[in-house]
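**Student:** Next comes upload_10.cif, mmCIF, C-alpha atoms:
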data_data
loop_
_atom_site.group_PDB
_atom_site.id
_atom_site.type_symbol
_atom_site.label_atom_id
_atom_site.label_comp_id
_atom_site.auth_asym_id
_atom_site.auth_seq_id
_atom_site.Cartn_x
_atom_site.Cartn_y
_atom_site.Cartn_z
ATOM 1 C CA MET R 1 136.935 261.711 37.249
ATOM 2 C CA GLY R 2 133.787 263.158 35.690
ATOM 3 C CA ALA R 3 134.558 266.592 37.124
ATOM 4 C CA ALA R 4 138.156 266.422 35.859
ATOM 5 C CA LEU R 5 136.924 265.873 32.308
ATOM 6 C CA LEU R 6 134.748 268.994 32.443
ATOM 7 C CA LEU R 7 137.059 271.379 34.310
ATOM 8 C CA PRO R 8 139.868 273.480 32.771
ATOM 9 C CA ALA R 9 143.206 271.713 32.335
ATOM 10 C CA SER R 10 144.857 273.343 35.361
ATOM 11 C CA LEU R 11 142.063 272.318 37.739
ATOM 12 C CA ALA R 12 141.863 268.847 36.181
ATOM 13 C CA LEU R 13 145.586 268.331 36.789
ATOM 14 C CA LEU R 14 145.073 269.459 40.389
ATOM 15 C CA ILE R 15 142.423 266.752 40.841
ATOM 16 C CA PHE R 16 144.733 264.075 39.441
ATOM 17 C CA ALA R 17 147.558 265.349 41.673
ATOM 18 C CA GLY R 18 145.234 264.907 44.651
ATOM 19 C CA LEU R 19 144.414 261.369 43.532
ATOM 20 C CA GLY R 20 148.116 260.588 43.205
ATOM 21 C CA LEU R 21 148.855 261.998 46.653
ATOM 22 C CA GLY R 22 146.056 259.913 48.161
ATOM 23 C CA LEU R 23 147.455 256.742 46.596
ATOM 24 C CA ALA R 24 150.965 257.600 47.788
ATOM 25 C CA LEU R 25 150.045 258.498 51.381
ATOM 26 C CA PRO R 26 150.210 254.916 52.798
ATOM 27 C CA PHE R 27 153.692 254.431 51.340
ATOM 28 C CA LEU R 28 154.848 257.841 52.594
ATOM 29 C CA ALA R 29 153.469 257.071 56.052
ATOM 30 C CA ILE R 30 155.324 253.753 56.241
ATOM 31 C CA ALA R 31 158.528 255.400 54.992
ATOM 32 C CA PHE R 32 158.527 258.335 57.443
ATOM 33 C CA ILE R 33 156.845 256.880 60.551
ATOM 34 C CA PRO R 34 159.041 254.120 62.073
ATOM 35 C CA PRO R 35 156.347 252.678 64.411
ATOM 36 C CA LEU R 36 154.240 251.840 61.356
ATOM 37 C CA ARG R 37 157.087 249.836 59.865
ATOM 38 C CA LYS R 38 157.255 247.737 63.035
ATOM 39 C CA ARG R 39 153.603 246.809 62.566
ATOM 40 C CA MET R 40 154.130 245.559 59.025
ATOM 41 C CA PRO R 41 153.860 241.743 58.670
ATOM 42 C CA ARG R 42 157.124 239.895 58.248
ATOM 43 C CA PRO R 43 157.994 238.485 54.803
ATOM 44 C CA GLY R 44 157.228 234.820 54.436
ATOM 45 C CA ALA R 45 155.308 232.102 52.619
ATOM 46 C CA TRP R 46 152.059 234.008 53.208
ATOM 47 C CA MET R 47 153.173 236.479 50.519
ATOM 48 C CA VAL R 48 153.163 233.749 47.871
ATOM 49 C CA ARG R 49 149.707 232.520 48.937
ATOM 50 C CA PHE R 50 148.397 236.083 49.009
ATOM 51 C CA ARG R 51 149.702 236.680 45.489
ATOM 52 C CA GLN R 52 148.002 233.506 44.273
ATOM 53 C CA TRP R 53 144.676 234.435 45.857
ATOM 54 C CA MET R 54 144.860 237.910 44.359
ATOM 55 C CA ALA R 55 144.953 236.268 40.933
ATOM 56 C CA VAL R 56 141.299 235.275 41.423
ATOM 57 C CA PRO R 57 139.804 238.805 41.282
ATOM 58 C CA MET R 58 142.174 239.623 38.422
ATOM 59 C CA ALA R 59 140.887 236.583 36.502
ATOM 60 C CA LEU R 60 137.274 237.617 37.183
ATOM 61 C CA THR R 61 138.093 241.102 35.931
ATOM 62 C CA SER R 62 139.525 239.611 32.743
ATOM 63 C CA LEU R 63 136.344 237.607 32.189
ATOM 64 C CA ALA R 64 134.252 240.741 32.722
ATOM 65 C CA LEU R 65 136.353 242.610 30.164
ATOM 66 C CA LEU R 66 135.954 239.784 27.644
ATOM 67 C CA TRP R 67 132.188 239.904 28.183
ATOM 68 C CA LEU R 68 132.269 243.658 27.581
ATOM 69 C CA LEU R 69 134.340 243.112 24.443
ATOM 70 C CA TYR R 70 131.620 240.765 23.186
ATOM 71 C CA GLN R 71 128.970 243.391 23.929
ATOM 72 C CA LEU R 72 130.946 245.995 21.991
ATOM 73 C CA ALA R 73 132.421 244.000 19.112
ATOM 74 C CA GLY R 74 130.418 240.789 18.769
ATOM 75 C CA PHE R 75 131.656 237.204 18.602
ATOM 76 C CA SER R 76 134.400 237.874 16.034
ATOM 77 C CA GLY R 77 135.813 240.640 18.224
ATOM 78 C CA LEU R 78 135.698 238.308 21.222
ATOM 79 C CA LEU R 79 137.628 235.628 19.327
ATOM 80 C CA ILE R 80 140.303 238.075 18.199
ATOM 81 C CA GLY R 81 140.647 239.670 21.623
ATOM 82 C CA GLY R 82 140.654 236.308 23.410
ATOM 83 C CA ALA R 83 143.273 234.886 21.056
ATOM 84 C CA ALA R 84 145.499 237.941 21.454
ATOM 85 C CA ALA R 85 145.160 237.795 25.262
ATOM 86 C CA LEU R 86 146.008 234.073 25.274
ATOM 87 C CA ILE R 87 149.118 234.575 23.149
ATOM 88 C CA ILE R 88 150.329 237.419 25.368
ATOM 89 C CA LEU R 89 149.634 235.304 28.471
ATOM 90 C CA LEU R 90 151.732 232.443 27.086
ATOM 91 C CA ARG R 91 154.548 234.847 26.247
ATOM 92 C CA LEU R 92 154.441 236.265 29.781
ATOM 93 C CA PHE R 93 154.543 232.741 31.213
ATOM 94 C CA GLU R 94 157.626 232.015 29.110
ATOM 95 C CA LEU R 95 159.198 235.249 30.340
ATOM 96 C CA GLY R 96 158.603 234.130 33.933
ATOM 97 C CA ARG R 97 160.346 230.821 33.266
ATOM 98 C CA LYS R 98 163.278 232.630 31.673
ATOM 99 C CA GLN R 99 163.598 234.910 34.679
ATOM 100 C CA LYS R 100 163.612 231.972 37.121
ATOM 101 C CA SER R 101 166.323 230.200 35.178
ATOM 102 C CA GLY R 102 168.417 233.359 34.944
ATOM 103 C CA ALA R 103 168.497 233.189 31.148
ATOM 104 C CA PRO R 104 168.496 236.399 29.045
ATOM 105 C CA HIS R 105 164.973 237.552 28.410
ATOM 106 C CA LYS R 106 165.435 240.378 25.912
ATOM 107 C CA MET R 107 164.150 238.179 23.099
ATOM 108 C CA VAL R 108 161.076 237.262 25.134
ATOM 109 C CA VAL R 109 160.324 240.922 25.871
ATOM 110 C CA ALA R 110 160.732 241.735 22.181
ATOM 111 C CA ALA R 111 158.366 238.872 21.301
ATOM 112 C CA ILE R 112 155.749 240.166 23.750
ATOM 113 C CA LEU R 113 155.947 243.658 22.274
ATOM 114 C CA GLY R 114 155.681 242.223 18.771
ATOM 115 C CA VAL R 115 152.643 240.143 19.641
ATOM 116 C CA THR R 116 151.001 243.137 21.334
ATOM 117 C CA VAL R 117 151.527 245.376 18.300
ATOM 118 C CA ALA R 118 150.284 242.647 15.969
ATOM 119 C CA ALA R 119 147.176 242.100 18.122
ATOM 120 C CA LEU R 120 146.387 245.829 18.071
ATOM 121 C CA LEU R 121 146.783 245.954 14.296
ATOM 122 C CA ILE R 122 144.557 242.913 13.819
ATOM 123 C CA MET R 123 141.887 244.357 16.128
ATOM 124 C CA ASP R 124 141.999 247.629 14.210
ATOM 125 C CA LYS R 125 141.714 246.065 10.748
ATOM 126 C CA ALA R 126 139.388 243.141 11.479
ATOM 127 C CA ALA R 127 135.831 243.288 10.200
ATOM 128 C CA ILE R 128 134.025 243.191 13.523
ATOM 129 C CA VAL R 129 130.268 242.771 13.562
ATOM 130 C CA ALA R 130 128.569 244.133 16.652
ATOM 131 C CA PRO R 131 125.722 242.127 18.156
ATOM 132 C CA ALA R 132 122.202 243.183 17.335
ATOM 133 C CA PRO R 133 120.703 245.774 19.711
ATOM 134 C CA GLN R 134 118.736 244.240 22.547
ATOM 135 C CA PRO R 135 115.016 245.025 22.769
ATOM 136 C CA MET R 136 113.967 247.621 25.316
ATOM 137 C CA LYS R 137 112.733 246.355 28.690
ATOM 138 C CA ASN R 138 109.261 246.888 30.094
ATOM 139 C CA GLY R 139 108.033 248.756 27.033
ATOM 140 C CA SER R 140 110.762 251.401 27.283
ATOM 141 C CA MET R 141 111.668 253.558 24.301
ATOM 142 C CA ALA R 142 115.145 254.081 22.881
ATOM 143 C CA PHE R 143 116.479 257.590 23.450
ATOM 144 C CA ASP R 144 115.471 260.074 20.777
ATOM 145 C CA GLU R 145 115.606 263.786 21.536
ATOM 146 C CA GLU R 146 112.883 264.642 19.026
ATOM 147 C CA ARG R 147 110.566 262.004 20.430
ATOM 148 C CA LEU R 148 111.289 263.262 23.938
ATOM 149 C CA ALA R 149 110.324 266.779 22.863
ATOM 150 C CA ALA R 150 107.120 265.433 21.280
ATOM 151 C CA LEU R 151 106.137 263.594 24.457
ATOM 152 C CA ARG R 152 106.772 266.695 26.546
ATOM 153 C CA ALA R 153 104.707 268.785 24.126
ATOM 154 C CA GLU R 154 101.837 266.323 24.643
ATOM 155 C CA GLY R 155 102.125 266.830 28.406
ATOM 156 C CA LYS R 156 103.397 263.308 29.064
ATOM 157 C CA ALA R 157 105.544 262.464 32.070
ATOM 158 C CA VAL R 158 108.872 260.868 31.057
ATOM 159 C CA PHE R 159 111.547 259.063 33.033
ATOM 160 C CA LEU R 160 114.770 259.207 31.011
ATOM 161 C CA TYR R 161 117.944 257.395 32.006
ATOM 162 C CA PHE R 162 121.282 256.727 30.376
ATOM 163 C CA THR R 163 123.161 253.484 30.916
ATOM 164 C CA ALA R 164 126.068 251.432 29.559
ATOM 165 C CA ASP R 165 127.174 247.819 29.817
ATOM 166 C CA TRP R 166 130.471 248.905 31.372
ATOM 167 C CA CYS R 167 128.792 251.072 34.023
ATOM 168 C CA VAL R 168 128.525 249.107 37.277
ATOM 169 C CA THR R 169 126.445 251.784 39.016
ATOM 170 C CA CYS R 170 123.989 251.743 36.109
ATOM 171 C CA LYS R 171 123.493 247.987 36.300
ATOM 172 C CA VAL R 172 123.054 248.015 40.074
ATOM 173 C CA ASN R 173 120.383 250.713 39.806
ATOM 174 C CA GLU R 174 118.605 248.837 37.037
ATOM 175 C CA ASN R 175 118.469 245.594 38.995
ATOM 176 C CA ALA R 176 117.675 247.211 42.345
ATOM 177 C CA ALA R 177 115.196 249.905 41.308
ATOM 178 C CA ILE R 178 114.398 250.515 37.632
ATOM 179 C CA ASP R 179 113.555 246.995 36.427
ATOM 180 C CA ARG R 180 111.501 246.096 39.496
ATOM 181 C CA THR R 181 107.837 245.099 39.242
ATOM 182 C CA GLU R 182 106.817 247.783 41.751
ATOM 183 C CA THR R 183 108.417 250.511 39.641
ATOM 184 C CA SER R 184 106.847 249.287 36.401
ATOM 185 C CA ALA R 185 103.411 249.079 38.023
ATOM 186 C CA ALA R 186 103.690 252.596 39.501
ATOM 187 C CA PHE R 187 104.835 254.057 36.175
ATOM 188 C CA ALA R 188 102.047 252.296 34.264
ATOM 189 C CA LYS R 189 99.402 253.537 36.712
ATOM 190 C CA ALA R 190 100.660 257.136 36.525
ATOM 191 C CA GLY R 191 101.222 257.069 32.767
ATOM 192 C CA ILE R 192 104.961 257.744 33.054
ATOM 193 C CA ARG R 193 106.815 256.811 29.874
ATOM 194 C CA THR R 194 110.331 255.398 30.169
ATOM 195 C CA MET R 195 113.114 256.257 27.723
ATOM 196 C CA VAL R 196 116.579 254.640 27.751
ATOM 197 C CA GLY R 197 119.825 255.916 26.262
ATOM 198 C CA ASP R 198 122.432 253.171 25.734
ATOM 199 C CA TYR R 199 125.881 254.772 25.983
ATOM 200 C CA THR R 200 127.887 251.549 25.689
ATOM 201 C CA ARG R 201 129.304 252.605 22.308
ATOM 202 C CA ARG R 202 129.630 256.320 23.085
ATOM 203 C CA ASP R 203 126.739 257.542 20.959
ATOM 204 C CA PRO R 204 127.483 261.150 19.817
ATOM 205 C CA ASP R 205 123.866 262.271 20.257
ATOM 206 C CA ILE R 206 123.898 261.055 23.847
ATOM 207 C CA THR R 207 127.281 262.715 24.413
ATOM 208 C CA ARG R 208 125.840 266.064 23.349
ATOM 209 C CA PHE R 209 122.751 265.567 25.508
ATOM 210 C CA LEU R 210 124.840 264.666 28.554
ATOM 211 C CA ALA R 211 127.003 267.756 27.999
ATOM 212 C CA LYS R 212 123.877 269.933 28.085
ATOM 213 C CA HIS R 213 123.308 268.684 31.631
ATOM 214 C CA GLY R 214 126.942 269.135 32.673
ATOM 215 C CA ARG R 215 127.803 265.435 32.524
ATOM 216 C CA SER R 216 130.641 263.654 30.753
ATOM 217 C CA GLY R 217 129.406 260.115 31.369
ATOM 218 C CA VAL R 218 126.707 257.880 32.744
ATOM 219 C CA PRO R 219 124.627 257.332 34.786
ATOM 220 C CA LEU R 220 122.208 260.218 34.403
ATOM 221 C CA TYR R 221 118.595 259.964 35.560
ATOM 222 C CA LEU R 222 116.044 262.610 34.579
ATOM 223 C CA TYR R 223 112.363 262.912 35.326
ATOM 224 C CA TYR R 224 110.165 265.211 33.245
ATOM 225 C CA PRO R 225 106.882 265.944 35.043
ATOM 226 C CA PRO R 226 103.962 266.942 32.800
ATOM 227 C CA ASN R 227 104.496 270.470 31.470
ATOM 228 C CA ALA R 228 107.513 271.098 33.722
ATOM 229 C CA ASP R 229 111.303 271.182 33.524
ATOM 230 C CA ALA R 230 113.472 268.126 34.088
ATOM 231 C CA ARG R 231 114.440 267.000 37.577
ATOM 232 C CA VAL R 232 117.859 265.395 37.995
ATOM 233 C CA LEU R 233 117.532 262.305 40.186
ATOM 234 C CA PRO R 234 120.264 260.873 42.466
ATOM 235 C CA GLN R 235 122.894 258.585 40.969
ATOM 236 C CA ILE R 236 121.975 255.883 43.485
ATOM 237 C CA LEU R 237 118.294 254.987 43.079
ATOM 238 C CA THR R 238 115.825 253.043 45.187
ATOM 239 C CA VAL R 239 112.382 251.703 44.409
ATOM 240 C CA ASN R 240 110.900 254.349 46.703
ATOM 241 C CA ASP R 241 112.670 257.112 44.760
ATOM 242 C CA LEU R 242 111.036 255.986 41.531
ATOM 243 C CA THR R 243 107.589 255.050 42.790
ATOM 244 C CA ALA R 244 107.410 258.481 44.466
ATOM 245 C CA LEU R 245 107.506 260.045 40.999
ATOM 246 C CA SER R 246 104.005 258.701 40.346
ATOM 247 C CA GLU R 247 102.479 260.465 43.350
#
Translate this file's structure into structure tokens.

**Tutor:**
Amino acid sequence: MGAALLLPASLALLIFAGLGLGLALPFLAIAFIPPLRKRMPRPGAWMVRFRQWMAVPMALTSLALLWLLYQLAGFSGLLIGGAAALIILLRLFELGRKQKSGAPHKMVVAAILGVTVAALLIMDKAAIVAPAPQPMKNGSMAFDEERLAALRAEGKAVFLYFTADWCVTCKVNENAAIDRTETSAAFAKAGIRTMVGDYTRRDPDITRFLAKHGRSGVPLYLYYPPNADARVLPQILTVNDLTALSE
């Protein structure tokens, strides 16, 4: 996906065509290879139970999205988004009942569309107050390109990374490697300064900086040795990867 955003339109479309073909291959295989169809499970009550169980990860995903909405838009945004989602959910439930009873459902569909449009308009016009920025961890500094240049001019070693609340890879790396006691101790002993760029709200300065390094999104991990050019670190980090920087 990151490559598709940076490549020319023709090559980007080719990547998305490949993704579409990959998603379609199982269905094509079942359609054109009869032995595969014989191995498919027979329809039955298990399909209803499977559908119900699959609602659990969908519900967890919804909760994660509401949490992200709070991170982006604050408590007022969470209330508006939660209320809109609840109204749409109730309308969908009513549509399901209408379908089971065989009653016309055009009015229900129209109501759902109306509620959706109204929710989008309310979200767009509401005065949403974002939560206050969280303090940096372990004495880290917020990303500032001028300050980075000043530290490099002083011959300081800098570990710079970009993260976002919606980036799962970022959070895994932070919990597994960056925010570990061993890493903090090694950085403190070697005098490595840590700088963090929060890309949760698509900061334009960070966007420009990422573009300089050929990236369209996070994560990006850079290490600036004293008086040397930046080293791009792997997207999956370990404690050993980071503590080795102090050697």

**Student:** Please measure the separation of atom CA of R:Leu245 and atom CA of R:Glu145, giving the value in Å to one decimal.

**Tutor:**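 Atom CA of R:Leu245 sits 21.4 Å away from atom CA of R:Glu145.
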
**Student:** Suppose you want the space between atom CA of R:Gly191 and atom CA of R:Lys156; what is it in Å?

**Tutor:** 7.6 Å

**Student:** Output, as JSON, the centre and edge lengths in Å (one decimal) of the axis-aligned box that contains all listed atoms of stretch 172-178 of chain R with 8 Å of margin on each side.

**Tutor:**
{"center_x": 118.7, "center_y": 248.2, "center_z": 39.7, "size_x": 24.7, "size_y": 21.1, "size_z": 21.3}

**Student:** Measuring between only C-alpha atoms, which one of R:Ile33, R:Leu66, R:Leu95, R:Leu25 shows the shortest distance to R:Ala83?

**Tutor:**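 Selected residue with least distance to R:Ala83: R:Leu66.
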
**Student:** Between atom CA of R:Glu174 and atom CA of R:Val158, measure the distance and give it in Å to one decimal.

**Tutor:**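 For atom CA of R:Glu174 relative to atom CA of R:Val158, the distance reads 16.6 Å.
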
**Student:** Show which residues sit within 12 Å of R:Arg180, as number ranges by chain. Count all atoms listed in the file, and ignore same-chain residues fewer than 2 positions away.

**Tutor:** R: 137-138, 172-178, 182-187, 237-240, 242-243
